[in-house]
Amino acid sequence: METVALKLKPRTVLGKKVKTLRRSGITPLHLYGAGIEPRALQAEARTLRKTLQQVGRNIPVHIEVEGEKGSQIAFVREVQLDPITLDVQHVDLYLVDVSRRMEVEVPIEIEGEAPAARVQGGTLVQYLHTLRIECLPLEVPESIRVDVTGLDSFDKLIRVAELSLGPDVSVLTDPEEVVVRVLPPRLEEAPPVEAAAAPQEVEVVKPVRKAEEEGKEAEES
């Protein structure tokens, strides 16, 4: 698989003093892993930023430390950013043994268009965005692509068990978990019909003039 080389230097500036490194275009790093003592290292900020854009979390990095022979394989495990400028403040690298299997979360990417969404107006819903797998460090895929062009009805779905992975990759996520499916469009409910208002009794008020005339007629009779 693809690998990227990163040249580092041992770091002697520690603690709050690393601010001076950042101001001079240097980013502090920590390298750790099973069976080794954590190491304080540093890298040129511009080079490190470019490397991080290339590798993400799943592409191995060939670490070359100045003054040391050979290289080692590591993965990016944590990146701290400045909350305002978004500049890289610190990076943690995890050193691995390429002969030992490791567990890792790999992102899931959707490919193609689902006919049930494009033709029938459904909504494509991705329930699972990462897959936990176990494999050798150099066999870790950058991502897992899921083709949804076969979802031509609302009854179809894709489960973890149906994903295509390499023969040496073990899936740790529940195989019955749903990755993606197309939901039918929601039918708009008709607004409720208001009940007809009950007829109201109207009080008839007899005109005053007519009432007076009736009173006079009664006296004359």
# chains A, B, ... in the order shown; residues from 1 in each chain; ligands from 1
>>> residues_around(residues="region 112-119 of chain A", least_positions_apart="4", cutoff="8 Å", atoms="only C-alpha atoms", output="PyMOL selection string")
chain A and resi 123-124+147-154+182
>>> write_last_selection(atoms="C-alpha atoms", output="short mmCIF file (atom, residue, chain, number, x, y, z; two decimals), in the first residue's frame")
data_model
loop_
_atom_site.label_atom_id
_atom_site.label_comp_id
_atom_site.auth_asym_id
_atom_site.auth_seq_id
_atom_site.Cartn_x
_atom_site.Cartn_y
_atom_site.Cartn_z
CA THR A 123 -33.45 8.89 0.71
CA LEU A 124 -30.07 7.17 0.92
CA ASP A 147 -21.16 0.35 -4.13
CA VAL A 148 -24.86 1.25 -3.77
CA THR A 149 -25.90 0.89 -7.42
CA GLY A 150 -27.59 -2.39 -6.53
CA LEU A 151 -30.07 -0.73 -4.16
CA ASP A 152 -32.97 -0.60 -6.61
CA SER A 153 -35.78 -1.11 -4.09
CA PHE A 154 -36.63 -0.02 -0.57
CA VAL A 182 -32.68 3.65 0.91
#
>>> residues_around(residues="Gly33 (chain A)", least_positions_apart="2", cutoff="8 Å", atoms="only C-alpha atoms", output="number ranges by chain")
A: 31, 35-38, 94-96
>>> residues_around(residues="Gly15 (chain A)", least_positions_apart="3", cutoff="12 Å", atoms="only C-alpha atoms", output="short mmCIF file (atom, residue, chain, number, x, y, z; two decimals) with C-alpha atoms, in the first residue's frame")
data_model
loop_
_atom_site.label_atom_id
_atom_site.label_comp_id
_atom_site.auth_asym_id
_atom_site.auth_seq_id
_atom_site.Cartn_x
_atom_site.Cartn_y
_atom_site.Cartn_z
CA ARG A 11 13.53 17.48 20.38
CA THR A 12 15.18 18.95 23.46
CA VAL A 18 7.69 24.67 22.71
CA LYS A 19 5.91 27.95 21.91
CA THR A 20 9.26 29.25 20.71
CA LEU A 21 9.51 26.29 18.33
CA PRO A 28 6.50 19.28 18.30
CA ALA A 40 10.03 13.88 21.91
CA HIS A 90 1.15 18.95 18.26
#
>>> residues_around(residues="Glu176 (chain A)", least_positions_apart="6", cutoff="8 Å", atoms="only C-alpha atoms", output="PyMOL selection string")
chain A and resi 159-161
>>> residues_around(residues="Leu41 (chain A)", least_positions_apart="3", cutoff="6 Å", atoms="only C-alpha atoms", output="count of residues only")
5
>>> residues_around(residues="Gly25 (chain A)", least_positions_apart="2", cutoff="8 Å", atoms="only C-alpha atoms", output="ChimeraX atom specification")
/A:21-23,27,44-46
>>> select_by_dssp(residues="region 8-216 of chain A", states="strand (DSSP E)", output="ChimeraX atom specification")
/A:8-10,26-33,39-44,61-65,72-81,88-95,102-111,123-126,130-135,144-147,157-159,170-171,178-183
>>> write_last_selection(atoms="C-alpha atoms", output="PDB file, in the first residue's frame")
ATOM      1  CA  LEU A   8      12.075  14.230  12.067  1.00  0.00           C
ATOM      2  CA  LYS A   9      14.636  15.541  14.518  1.00  0.00           C
ATOM      3  CA  PRO A  10      15.117  14.762  18.233  1.00  0.00           C
ATOM      4  CA  ILE A  26       8.656  23.944  14.008  1.00  0.00           C
ATOM      5  CA  THR A  27       5.936  21.574  15.271  1.00  0.00           C
ATOM      6  CA  PRO A  28       6.496  19.278  18.298  1.00  0.00           C
ATOM      7  CA  LEU A  29       5.635  15.577  18.062  1.00  0.00           C
ATOM      8  CA  HIS A  30       5.543  12.547  20.344  1.00  0.00           C
ATOM      9  CA  LEU A  31       6.364   9.048  19.132  1.00  0.00           C
ATOM     10  CA  TYR A  32       5.107   6.152  21.258  1.00  0.00           C
ATOM     11  CA  GLY A  33       4.232   2.477  20.884  1.00  0.00           C
ATOM     12  CA  ARG A  39      10.160  10.119  22.355  1.00  0.00           C
ATOM     13  CA  ALA A  40      10.033  13.885  21.914  1.00  0.00           C
ATOM     14  CA  LEU A  41      10.571  14.818  18.262  1.00  0.00           C
ATOM     15  CA  GLN A  42       9.999  17.782  15.990  1.00  0.00           C
ATOM     16  CA  ALA A  43       9.281  18.480  12.323  1.00  0.00           C
ATOM     17  CA  GLU A  44       9.245  21.438   9.969  1.00  0.00           C
ATOM     18  CA  VAL A  61       4.296   6.929   7.716  1.00  0.00           C
ATOM     19  CA  HIS A  62       7.968   6.029   7.311  1.00  0.00           C
ATOM     20  CA  ILE A  63       9.687   7.841  10.184  1.00  0.00           C
ATOM     21  CA  GLU A  64      13.286   8.861   9.596  1.00  0.00           C
ATOM     22  CA  VAL A  65      14.988  10.462  12.615  1.00  0.00           C
ATOM     23  CA  GLN A  72      10.275   2.958  11.298  1.00  0.00           C
ATOM     24  CA  ILE A  73       6.572   2.674  10.529  1.00  0.00           C
ATOM     25  CA  ALA A  74       4.062   4.770  12.454  1.00  0.00           C
ATOM     26  CA  PHE A  75       0.469   5.964  12.175  1.00  0.00           C
ATOM     27  CA  VAL A  76      -0.953   9.369  13.051  1.00  0.00           C
ATOM     28  CA  ARG A  77      -3.025   8.973  16.197  1.00  0.00           C
ATOM     29  CA  GLU A  78      -3.803  12.521  17.356  1.00  0.00           C
ATOM     30  CA  VAL A  79      -3.486  15.984  15.882  1.00  0.00           C
ATOM     31  CA  GLN A  80      -3.961  19.085  18.052  1.00  0.00           C
ATOM     32  CA  LEU A  81      -4.990  22.265  16.244  1.00  0.00           C
ATOM     33  CA  VAL A  88      -1.076  22.196  13.820  1.00  0.00           C
ATOM     34  CA  GLN A  89       0.134  22.512  17.420  1.00  0.00           C
ATOM     35  CA  HIS A  90       1.147  18.950  18.258  1.00  0.00           C
ATOM     36  CA  VAL A  91       1.054  15.469  16.722  1.00  0.00           C
ATOM     37  CA  ASP A  92       1.119  12.003  18.300  1.00  0.00           C
ATOM     38  CA  LEU A  93       2.571   9.171  16.203  1.00  0.00           C
ATOM     39  CA  TYR A  94       2.034   5.507  17.074  1.00  0.00           C
ATOM     40  CA  LEU A  95       4.963   3.229  16.230  1.00  0.00           C
ATOM     41  CA  MET A 102      -3.281  -4.291  14.677  1.00  0.00           C
ATOM     42  CA  GLU A 103      -6.820  -3.020  15.195  1.00  0.00           C
ATOM     43  CA  VAL A 104      -7.870   0.140  13.398  1.00  0.00           C
ATOM     44  CA  GLU A 105     -10.985   2.117  12.416  1.00  0.00           C
ATOM     45  CA  VAL A 106     -11.298   2.608   8.652  1.00  0.00           C
ATOM     46  CA  PRO A 107     -13.715   5.111   7.058  1.00  0.00           C
ATOM     47  CA  ILE A 108     -16.515   3.868   4.786  1.00  0.00           C
ATOM     48  CA  GLU A 109     -17.098   5.705   1.507  1.00  0.00           C
ATOM     49  CA  ILE A 110     -20.252   5.391  -0.599  1.00  0.00           C
ATOM     50  CA  GLU A 111     -19.853   4.937  -4.353  1.00  0.00           C
ATOM     51  CA  THR A 123     -33.452   8.892   0.711  1.00  0.00           C
ATOM     52  CA  LEU A 124     -30.070   7.166   0.918  1.00  0.00           C
ATOM     53  CA  VAL A 125     -29.136   6.736   4.592  1.00  0.00           C
ATOM     54  CA  GLN A 126     -25.641   5.683   5.703  1.00  0.00           C
ATOM     55  CA  THR A 130     -16.356   3.517   9.999  1.00  0.00           C
ATOM     56  CA  LEU A 131     -15.458  -0.157  10.163  1.00  0.00           C
ATOM     57  CA  ARG A 132     -13.248  -1.697  12.829  1.00  0.00           C
ATOM     58  CA  ILE A 133     -10.829  -4.213  11.346  1.00  0.00           C
ATOM     59  CA  GLU A 134      -7.695  -6.162  12.239  1.00  0.00           C
ATOM     60  CA  CYS A 135      -4.777  -6.679   9.851  1.00  0.00           C
ATOM     61  CA  ILE A 144     -13.633   0.913   2.394  1.00  0.00           C
ATOM     62  CA  ARG A 145     -15.756   1.674  -0.665  1.00  0.00           C
ATOM     63  CA  VAL A 146     -19.366   0.513  -0.764  1.00  0.00           C
ATOM     64  CA  ASP A 147     -21.159   0.350  -4.134  1.00  0.00           C
ATOM     65  CA  LEU A 157     -29.842  -2.958   2.183  1.00  0.00           C
ATOM     66  CA  ILE A 158     -26.132  -3.616   2.651  1.00  0.00           C
ATOM     67  CA  ARG A 159     -24.801  -5.191   5.837  1.00  0.00           C
ATOM     68  CA  SER A 170     -10.595  -9.531   9.818  1.00  0.00           C
ATOM     69  CA  VAL A 171     -13.747  -7.511  10.461  1.00  0.00           C
ATOM     70  CA  VAL A 178     -26.577  -2.234   8.480  1.00  0.00           C
ATOM     71  CA  VAL A 179     -24.201  -0.009   6.528  1.00  0.00           C
ATOM     72  CA  VAL A 180     -26.570   1.707   4.114  1.00  0.00           C
ATOM     73  CA  ARG A 181     -30.083   1.505   2.687  1.00  0.00           C
ATOM     74  CA  VAL A 182     -32.675   3.651   0.915  1.00  0.00           C
ATOM     75  CA  LEU A 183     -35.735   4.780   2.845  1.00  0.00           C
TER      76      LEU A 183
END
>>> select_by_dssp(residues="region 2-219 of chain A", states="helix (DSSP H, G or I)", output="VMD selection string")
chain A and resid 15 to 23 45 to 55 115 to 118 137 to 139 160 to 162 208 to 219
>>> write_last_selection(atoms="N, CA and C atoms", output="compact mmCIF listing (two decimals), in the first residue's frame")
# COMPACT_ATOMS: atom_id res chain seq x y z
N GLY A 15 7.89 21.19 27.38
CA GLY A 15 6.98 22.01 28.17
C GLY A 15 6.50 23.25 27.45
N LYS A 16 6.33 24.32 28.22
CA LYS A 16 5.81 25.57 27.67
C LYS A 16 6.77 26.24 26.69
N LYS A 17 8.02 25.82 26.72
CA LYS A 17 9.01 26.43 25.84
C LYS A 17 8.79 26.07 24.37
N VAL A 18 7.91 25.07 24.11
CA VAL A 18 7.69 24.67 22.71
C VAL A 18 7.03 25.80 21.92
N LYS A 19 6.50 26.80 22.62
CA LYS A 19 5.91 27.95 21.91
C LYS A 19 6.96 28.63 21.03
N THR A 20 8.20 28.63 21.51
CA THR A 20 9.26 29.25 20.71
C THR A 20 9.52 28.45 19.44
N LEU A 21 9.35 27.13 19.52
CA LEU A 21 9.51 26.29 18.33
C LEU A 21 8.44 26.62 17.30
N ARG A 22 7.20 26.71 17.78
CA ARG A 22 6.09 26.98 16.86
C ARG A 22 6.28 28.32 16.16
N ARG A 23 6.75 29.31 16.91
CA ARG A 23 6.96 30.64 16.31
C ARG A 23 8.04 30.61 15.23
N ALA A 45 7.13 22.62 10.18
CA ALA A 45 5.67 22.73 10.19
C ALA A 45 5.06 22.57 8.81
N ARG A 46 5.63 23.19 7.81
CA ARG A 46 5.06 23.14 6.46
C ARG A 46 5.10 21.72 5.91
N THR A 47 6.22 21.03 6.12
CA THR A 47 6.34 19.65 5.65
C THR A 47 5.37 18.74 6.38
N LEU A 48 5.24 18.93 7.68
CA LEU A 48 4.34 18.10 8.48
C LEU A 48 2.89 18.29 8.05
N ARG A 49 2.48 19.53 7.80
CA ARG A 49 1.11 19.80 7.38
C ARG A 49 0.80 19.07 6.06
N LYS A 50 1.73 19.11 5.14
CA LYS A 50 1.55 18.43 3.85
C LYS A 50 1.44 16.93 4.05
N THR A 51 2.25 16.38 4.94
CA THR A 51 2.22 14.95 5.21
C THR A 51 0.89 14.53 5.81
N LEU A 52 0.38 15.32 6.75
CA LEU A 52 -0.90 15.00 7.40
C LEU A 52 -2.04 14.99 6.39
N GLN A 53 -2.00 15.89 5.42
CA GLN A 53 -3.03 15.92 4.39
C GLN A 53 -2.99 14.67 3.53
N GLN A 54 -1.82 14.08 3.38
CA GLN A 54 -1.66 12.89 2.55
C GLN A 54 -2.08 11.61 3.27
N VAL A 55 -1.73 11.49 4.54
CA VAL A 55 -1.87 10.20 5.21
C VAL A 55 -3.16 10.04 6.00
N PRO A 115 -30.54 3.40 -7.39
CA PRO A 115 -31.75 3.64 -8.19
C PRO A 115 -32.98 3.93 -7.35
N ALA A 116 -33.08 3.30 -6.18
CA ALA A 116 -34.24 3.54 -5.33
C ALA A 116 -34.30 4.98 -4.85
N ALA A 117 -33.16 5.65 -4.81
CA ALA A 117 -33.13 7.06 -4.42
C ALA A 117 -33.28 7.96 -5.64
N ARG A 118 -32.55 7.62 -6.71
CA ARG A 118 -32.54 8.48 -7.90
C ARG A 118 -33.84 8.41 -8.67
N PRO A 137 -0.09 -3.88 9.65
CA PRO A 137 -0.03 -2.43 9.45
C PRO A 137 0.04 -2.00 7.99
N LEU A 138 0.78 -2.73 7.18
CA LEU A 138 0.93 -2.33 5.78
C LEU A 138 -0.23 -2.80 4.91
N GLU A 139 -1.22 -3.48 5.52
CA GLU A 139 -2.40 -3.93 4.79
C GLU A 139 -3.63 -3.09 5.13
N VAL A 160 -22.69 -5.28 7.01
CA VAL A 160 -21.24 -5.41 7.14
C VAL A 160 -20.74 -6.71 6.52
N ALA A 161 -21.50 -7.78 6.69
CA ALA A 161 -21.09 -9.09 6.18
C ALA A 161 -20.93 -9.11 4.66
N GLU A 162 -21.57 -8.16 3.96
CA GLU A 162 -21.51 -8.13 2.50
C GLU A 162 -20.35 -7.31 1.96
N VAL A 208 -88.38 47.89 19.17
CA VAL A 208 -89.05 48.67 20.21
C VAL A 208 -90.30 49.31 19.69
N ARG A 209 -90.24 49.89 18.47
CA ARG A 209 -91.39 50.60 17.90
C ARG A 209 -92.57 49.67 17.76
N LYS A 210 -92.31 48.49 17.24
CA LYS A 210 -93.40 47.55 17.03
C LYS A 210 -94.00 47.13 18.36
N ALA A 211 -93.18 46.99 19.36
CA ALA A 211 -93.70 46.61 20.68
C ALA A 211 -94.61 47.68 21.24
N GLU A 212 -94.25 48.97 21.04
CA GLU A 212 -95.08 50.06 21.54
C GLU A 212 -96.43 50.08 20.82
N GLU A 213 -96.44 49.85 19.50
CA GLU A 213 -97.70 49.85 18.74
C GLU A 213 -98.61 48.74 19.23
N GLU A 214 -98.04 47.57 19.52
CA GLU A 214 -98.86 46.46 20.00
C GLU A 214 -99.47 46.81 21.36
N GLY A 215 -98.73 47.58 22.17
CA GLY A 215 -99.26 47.97 23.48
C GLY A 215 -100.42 48.92 23.35
N LYS A 216 -100.40 49.88 22.39
CA LYS A 216 -101.49 50.81 22.17
C LYS A 216 -102.72 50.08 21.69
N GLU A 217 -102.54 49.14 20.77
CA GLU A 217 -103.67 48.38 20.24
C GLU A 217 -104.36 47.62 21.36
N ALA A 218 -103.60 47.13 22.30
CA ALA A 218 -104.19 46.38 23.40
C ALA A 218 -105.02 47.29 24.29
N GLU A 219 -104.59 48.58 24.49
CA GLU A 219 -105.34 49.51 25.33
C GLU A 219 -106.64 49.90 24.65
>>> atom_distance(atom1="CA of Glu66 (chain A)", atom2="CA of Val13 (chain A)")
16.0 Å
>>> closest_residue(among="A:Thr3, A:Ser24, A:Ser99, A:Thr85", to="Pro60 (chain A)", atoms="only C-alpha atoms")
A:Thr3
>>> atom_distance(atom1="CA of Ile59 (chain A)", atom2="CA of Asp168 (chain A)")
17.1 Å
>>> decode(residues="region 96-147 of chain A", atoms="C-alpha atoms", output="PDB file, in the first residue's frame")
ATOM      1  CA  VAL A  96       3.976  -0.255  15.003  1.00  0.00           C
ATOM      2  CA  ASP A  97       5.622  -3.607  14.385  1.00  0.00           C
ATOM      3  CA  VAL A  98       4.898  -4.424  10.733  1.00  0.00           C
ATOM      4  CA  SER A  99       4.892  -8.157  11.541  1.00  0.00           C
ATOM      5  CA  ARG A 100       2.086  -7.897  14.105  1.00  0.00           C
ATOM      6  CA  ARG A 101      -1.603  -7.416  13.357  1.00  0.00           C
ATOM      7  CA  MET A 102      -3.281  -4.291  14.677  1.00  0.00           C
ATOM      8  CA  GLU A 103      -6.820  -3.020  15.195  1.00  0.00           C
ATOM      9  CA  VAL A 104      -7.870   0.140  13.398  1.00  0.00           C
ATOM     10  CA  GLU A 105     -10.985   2.117  12.416  1.00  0.00           C
ATOM     11  CA  VAL A 106     -11.298   2.608   8.652  1.00  0.00           C
ATOM     12  CA  PRO A 107     -13.715   5.111   7.058  1.00  0.00           C
ATOM     13  CA  ILE A 108     -16.515   3.868   4.786  1.00  0.00           C
ATOM     14  CA  GLU A 109     -17.098   5.705   1.507  1.00  0.00           C
ATOM     15  CA  ILE A 110     -20.252   5.391  -0.599  1.00  0.00           C
ATOM     16  CA  GLU A 111     -19.853   4.937  -4.353  1.00  0.00           C
ATOM     17  CA  GLY A 112     -22.411   5.266  -7.147  1.00  0.00           C
ATOM     18  CA  GLU A 113     -26.091   6.185  -7.116  1.00  0.00           C
ATOM     19  CA  ALA A 114     -28.856   4.035  -5.680  1.00  0.00           C
ATOM     20  CA  PRO A 115     -31.746   3.635  -8.190  1.00  0.00           C
ATOM     21  CA  ALA A 116     -34.242   3.541  -5.334  1.00  0.00           C
ATOM     22  CA  ALA A 117     -33.132   7.063  -4.422  1.00  0.00           C
ATOM     23  CA  ARG A 118     -32.537   8.484  -7.898  1.00  0.00           C
ATOM     24  CA  VAL A 119     -35.613   7.026  -9.633  1.00  0.00           C
ATOM     25  CA  GLN A 120     -38.099   6.322  -6.857  1.00  0.00           C
ATOM     26  CA  GLY A 121     -37.420   9.408  -4.774  1.00  0.00           C
ATOM     27  CA  GLY A 122     -36.113   7.633  -1.683  1.00  0.00           C
ATOM     28  CA  THR A 123     -33.452   8.892   0.711  1.00  0.00           C
ATOM     29  CA  LEU A 124     -30.070   7.166   0.918  1.00  0.00           C
ATOM     30  CA  VAL A 125     -29.136   6.736   4.592  1.00  0.00           C
ATOM     31  CA  GLN A 126     -25.641   5.683   5.703  1.00  0.00           C
ATOM     32  CA  TYR A 127     -25.864   4.164   9.181  1.00  0.00           C
ATOM     33  CA  LEU A 128     -22.221   3.130   9.554  1.00  0.00           C
ATOM     34  CA  HIS A 129     -19.356   5.507   8.746  1.00  0.00           C
ATOM     35  CA  THR A 130     -16.356   3.517   9.999  1.00  0.00           C
ATOM     36  CA  LEU A 131     -15.458  -0.157  10.163  1.00  0.00           C
ATOM     37  CA  ARG A 132     -13.248  -1.697  12.829  1.00  0.00           C
ATOM     38  CA  ILE A 133     -10.829  -4.213  11.346  1.00  0.00           C
ATOM     39  CA  GLU A 134      -7.695  -6.162  12.239  1.00  0.00           C
ATOM     40  CA  CYS A 135      -4.777  -6.679   9.851  1.00  0.00           C
ATOM     41  CA  LEU A 136      -1.067  -6.101   9.368  1.00  0.00           C
ATOM     42  CA  PRO A 137      -0.030  -2.426   9.446  1.00  0.00           C
ATOM     43  CA  LEU A 138       0.929  -2.332   5.781  1.00  0.00           C
ATOM     44  CA  GLU A 139      -2.405  -3.927   4.786  1.00  0.00           C
ATOM     45  CA  VAL A 140      -4.614  -1.241   6.342  1.00  0.00           C
ATOM     46  CA  PRO A 141      -6.886   0.163   3.599  1.00  0.00           C
ATOM     47  CA  GLU A 142      -7.179   3.918   3.246  1.00  0.00           C
ATOM     48  CA  SER A 143     -10.967   3.516   3.111  1.00  0.00           C
ATOM     49  CA  ILE A 144     -13.633   0.913   2.394  1.00  0.00           C
ATOM     50  CA  ARG A 145     -15.756   1.674  -0.665  1.00  0.00           C
ATOM     51  CA  VAL A 146     -19.366   0.513  -0.764  1.00  0.00           C
ATOM     52  CA  ASP A 147     -21.159   0.350  -4.134  1.00  0.00           C
TER      53      ASP A 147
END
